[in-house]
Amino acid sequence: MVNALLTLKKKVYTEYVRNFQCDALILNVTRQGENNRNVCLLSPEHGIFNATLFGGAKSRFRSLVSPFNRGTAYLYKDETKHTCKLTDFDVKKYHPSFRENLYKSYAATFASELAVRTKGSGSYKDAFTLINGFLDGMELSSENESRLGTLRFIWRYLGIMGIRPSVSECCQCGRSFISGKLEENAVLCKGAYSEADNGFICDECTSMDGKMYVLDKKALTYLEATASLSPAQVRNISIDGQVMTQLRQFCFYIIQFACGSRLKSIESGLGIL
């Protein structure tokens with residue numbers, strides 16, 4: 001009887017205390033106490049979760065656990081104590097250029113905050129793939145290319161959130177903004193964004209007066225291309241400075257509108273992002 005109780009107790013305990021490993025992206029690392037760190041990770045299987053990193057300031061392990069590194073995380077979880085410990089991290093991908101370029105650093109921080117704020121958009125696998133693709137793309141790109149890549153990232157992230165507005169037609173009358181082939185950039189009119197409809201309205205349905213975000217044909221076409229074409233195809237489409245300004249203002253506005261509040265990374269990076 002005693003042995004049976006001990007076996008049952010051991011079985012119950014092992015269900016709550018376990019070692020496991022998973023693919024993970026480190027979103028941020030913050031101080032916890034004098035020597036420890038709290039690590040926020042994104043995993044395609046486990047979503048966004050926190051783990052404690054123990055070790056002194058000169059620990060080699062700690063140097064591997066840096067924001068935006070991706071790899072295999074080894075963890076020890078005790079659900080009875082509500083604790084999770086990061087025991088090892090095998091780095092598969094890191095981004096040294098982020099330490100040398102201020103824009104890339106702010107853009108990566110923005111992507112990290114967006115993931116945390118939206119809880120991975122409710123689709124951890126898609127968010128994991130999209131964010132890592134964005135970070136890896138910046139590592140291989142110039143600052144100017146990264147700036148445009150950030151806008152594409154925002155537009156695609158709105159897509160996995162399920163709230164990306166259509167730019168192909170007026171949300172009230174259904175009139176097409178885009179005519180002819182996409183690459184010809186031929187549209188019938190400009191589109192004014194409506195918060196109430198989460199869509200664009202043509203100039204025949206409403207006056208442009210008072211509308212904060214009005215996108216011209218090139219901007220609308222670029223967003224449509226971002227949503228419908230492959231990343232490689234979109235990278236080959238060039239836009240001028242005026243369109244870039246329109247898209248930057250609109251994309252940073254709409255992603256914060258979707259989050260329901262301003263993002264600290266955008267506020268702190270004002271003038272950089």
# chains A, B, ... in the order shown; residues from 1 in each chain; ligands from 1
>>> closest_atom_pairs(of="range 32-145 of chain A", to="range 156-161 of chain A", cutoff="10 Å", atoms="only C-alpha atoms", output="Markdown table")
| residue | atom | partner | partner_atom | distance |
| --- | --- | --- | --- | --- |
| A:Ala111 | CA | A:Tyr157 | CA | 9.7 |
| A:Leu114 | CA | A:Tyr157 | CA | 9.2 |
| A:Ala115 | CA | A:Tyr157 | CA | 9.4 |
| A:Thr118 | CA | A:Met161 | CA | 8.5 |
| A:Gly120 | CA | A:Met161 | CA | 8.7 |
| A:Ser121 | CA | A:Met161 | CA | 5.1 |
| A:Gly122 | CA | A:Met161 | CA | 7.3 |
| A:Ser123 | CA | A:Ile160 | CA | 7.2 |
| A:Tyr124 | CA | A:Ile160 | CA | 9.8 |
| A:Asp126 | CA | A:Ile160 | CA | 7.0 |
| A:Ala127 | CA | A:Ile160 | CA | 7.5 |
| A:Leu130 | CA | A:Tyr157 | CA | 7.5 |
| A:Ile131 | CA | A:Tyr157 | CA | 8.6 |
>>> write_last_selection(atoms="C-alpha atoms", output="short mmCIF file (atom, residue, chain, number, x, y, z; two decimals), in the first residue's frame")
data_model
loop_
_atom_site.label_atom_id
_atom_site.label_comp_id
_atom_site.auth_asym_id
_atom_site.auth_seq_id
_atom_site.Cartn_x
_atom_site.Cartn_y
_atom_site.Cartn_z
CA ALA A 111 8.57 43.80 -33.67
CA LEU A 114 4.19 44.08 -31.11
CA ALA A 115 4.40 40.33 -30.55
CA THR A 118 -0.82 41.19 -29.37
CA GLY A 120 1.53 36.62 -31.03
CA SER A 121 -1.62 37.65 -32.88
CA GLY A 122 -3.26 34.47 -31.61
CA SER A 123 -1.38 32.51 -34.28
CA TYR A 124 1.98 31.64 -32.77
CA ASP A 126 2.53 32.44 -38.22
CA ALA A 127 3.85 35.16 -35.92
CA LEU A 130 6.81 36.34 -39.93
CA ILE A 131 8.88 37.99 -37.18
#
>>> residues_around(residues="Gly137 in chain A", least_positions_apart="3", cutoff="12 Å", atoms="only C-alpha atoms", output="ChimeraX atom specification")
/A:94-95,97-98,104,107-108,129-134,140-143,145-150,152-153,231-232,235
>>> closest_residue(among="A:Leu247, A:Thr83, A:Ala24, A:Val65", to="Thr52 in chain A", atoms="only C-alpha atoms")
A:Thr83
>>> closest_residue(among="A:Asn19, A:Ser194, A:Gln233, A:Ser268", to="Lys85 in chain A", atoms="only C-alpha atoms")
A:Asn19
>>> select_by_dssp(residues="range 200-247 of chain A", states="strand (DSSP E)", output="list in words")
Phe200, Ile201, Cys202, Val214 and Leu215 of chain A
>>> closest_residue(among="A:Glu100, A:Asn236, A:Met244, A:Asp88", to="Arg60 in chain A", atoms="only C-alpha atoms")
A:Asp88
>>> closest_atom_pairs(of="range 185-245 of chain A", to="range 162-171 of chain A", cutoff="12 Å", atoms="only C-alpha atoms", output="CSV")
residue,atom,partner,partner_atom,distance
A:Asn185,CA,A:Ser168,CA,11.9
A:Ala186,CA,A:Ser168,CA,11.6
A:Val187,CA,A:Ser168,CA,9.3
A:Leu188,CA,A:Glu169,CA,10.0
A:Cys189,CA,A:Cys170,CA,9.9
A:Lys190,CA,A:Cys170,CA,9.9
A:Gly191,CA,A:Cys170,CA,7.6
A:Ala192,CA,A:Cys170,CA,9.2
A:Tyr193,CA,A:Pro165,CA,9.0
A:Ser194,CA,A:Cys171,CA,9.0
A:Glu195,CA,A:Pro165,CA,9.9
A:Ala196,CA,A:Cys171,CA,10.7
A:Asp197,CA,A:Cys171,CA,7.2
A:Asn198,CA,A:Pro165,CA,5.7
A:Gly199,CA,A:Pro165,CA,4.9
A:Phe200,CA,A:Cys170,CA,5.5
A:Ile201,CA,A:Cys170,CA,4.7
A:Cys202,CA,A:Cys170,CA,5.5
A:Asp203,CA,A:Cys170,CA,9.2
A:Glu204,CA,A:Cys170,CA,9.6
A:Cys205,CA,A:Cys170,CA,8.4
A:Thr206,CA,A:Cys170,CA,10.5
A:Val214,CA,A:Val167,CA,11.6
A:Leu215,CA,A:Val167,CA,9.6
A:Asp216,CA,A:Val167,CA,10.9
A:Lys217,CA,A:Val167,CA,10.0
A:Lys218,CA,A:Val167,CA,11.3
A:Ala219,CA,A:Val167,CA,9.5
A:Leu220,CA,A:Val167,CA,5.9
A:Thr221,CA,A:Val167,CA,7.8
A:Tyr222,CA,A:Val167,CA,9.6
A:Leu223,CA,A:Val167,CA,7.2
A:Glu224,CA,A:Val167,CA,6.2
A:Ala225,CA,A:Val167,CA,10.0
A:Thr226,CA,A:Val167,CA,10.9
A:Ala227,CA,A:Arg164,CA,9.2
A:Ser228,CA,A:Ser168,CA,10.8
>>> atom_distance(atom1="CA of Leu86 in chain A", atom2="CA of Phe54 in chain A")
7.9 Å
>>> residues_around(residues="Glu113 in chain A", least_positions_apart="3", cutoff="9 Å", atoms="only C-alpha atoms", output="mmCIF file with N, CA and C atoms, in the first residue's frame")
data_model
loop_
_atom_site.group_PDB
_atom_site.id
_atom_site.type_symbol
_atom_site.label_atom_id
_atom_site.label_comp_id
_atom_site.auth_asym_id
_atom_site.auth_seq_id
_atom_site.Cartn_x
_atom_site.Cartn_y
_atom_site.Cartn_z
ATOM 1 N N LEU A 27 12.477 37.484 -27.277
ATOM 2 C CA LEU A 27 11.869 38.782 -27.552
ATOM 3 C C LEU A 27 12.521 39.889 -26.723
ATOM 4 N N ASN A 28 12.724 39.642 -25.450
ATOM 5 C CA ASN A 28 13.403 40.636 -24.615
ATOM 6 C C ASN A 28 13.951 39.974 -23.361
ATOM 7 N N ALA A 108 13.658 46.093 -34.630
ATOM 8 C CA ALA A 108 13.571 44.775 -33.999
ATOM 9 C C ALA A 108 12.841 44.873 -32.659
ATOM 10 N N THR A 109 13.125 45.929 -31.897
ATOM 11 C CA THR A 109 12.441 46.143 -30.624
ATOM 12 C C THR A 109 10.948 46.361 -30.847
ATOM 13 N N PHE A 110 10.610 47.086 -31.898
ATOM 14 C CA PHE A 110 9.209 47.301 -32.255
ATOM 15 C C PHE A 110 8.516 45.968 -32.548
ATOM 16 N N VAL A 116 4.499 40.829 -28.165
ATOM 17 C CA VAL A 116 4.068 40.725 -26.773
ATOM 18 C C VAL A 116 2.696 41.379 -26.593
ATOM 19 N N ARG A 117 2.522 42.559 -27.159
ATOM 20 C CA ARG A 117 1.274 43.302 -26.983
ATOM 21 C C ARG A 117 0.077 42.557 -27.575
ATOM 22 N N THR A 118 0.285 41.893 -28.696
ATOM 23 C CA THR A 118 -0.817 41.192 -29.369
ATOM 24 C C THR A 118 -0.853 39.698 -29.044
ATOM 25 N N LEU A 263 2.527 52.318 -28.931
ATOM 26 C CA LEU A 263 3.604 51.398 -28.601
ATOM 27 C C LEU A 263 4.827 52.184 -28.145
ATOM 28 N N LYS A 264 5.443 51.741 -27.054
ATOM 29 C CA LYS A 264 6.584 52.455 -26.488
ATOM 30 C C LYS A 264 7.754 52.520 -27.464
ATOM 31 N N SER A 265 7.945 51.467 -28.240
ATOM 32 C CA SER A 265 9.069 51.442 -29.164
ATOM 33 C C SER A 265 8.926 52.506 -30.241
#
>>> atom_distance(atom1="CA of Gln256 in chain A", atom2="CA of Gly271 in chain A")
16.7 Å
>>> select_by_dssp(residues="range 15-233 of chain A", states="helix (DSSP H, G or I)", output="ChimeraX atom specification")
/A:15-16,60-64,96-99,102-117,119-122,124-139,143-161,182-184,217-228,231-233
>>> atom_distance(atom1="CA of Arg262 in chain A", atom2="CA of Arg248 in chain A")
15.3 Å
>>> closest_residue(among="A:Asn69, A:Ser230, A:Asn101, A:Thr80", to="Asp23 in chain A", atoms="only C-alpha atoms")
A:Asn69
>>> closest_residue(among="A:Asn144, A:Ser63, A:Thr30, A:Gln21", to="Tyr76 in chain A", atoms="only C-alpha atoms")
A:Gln21
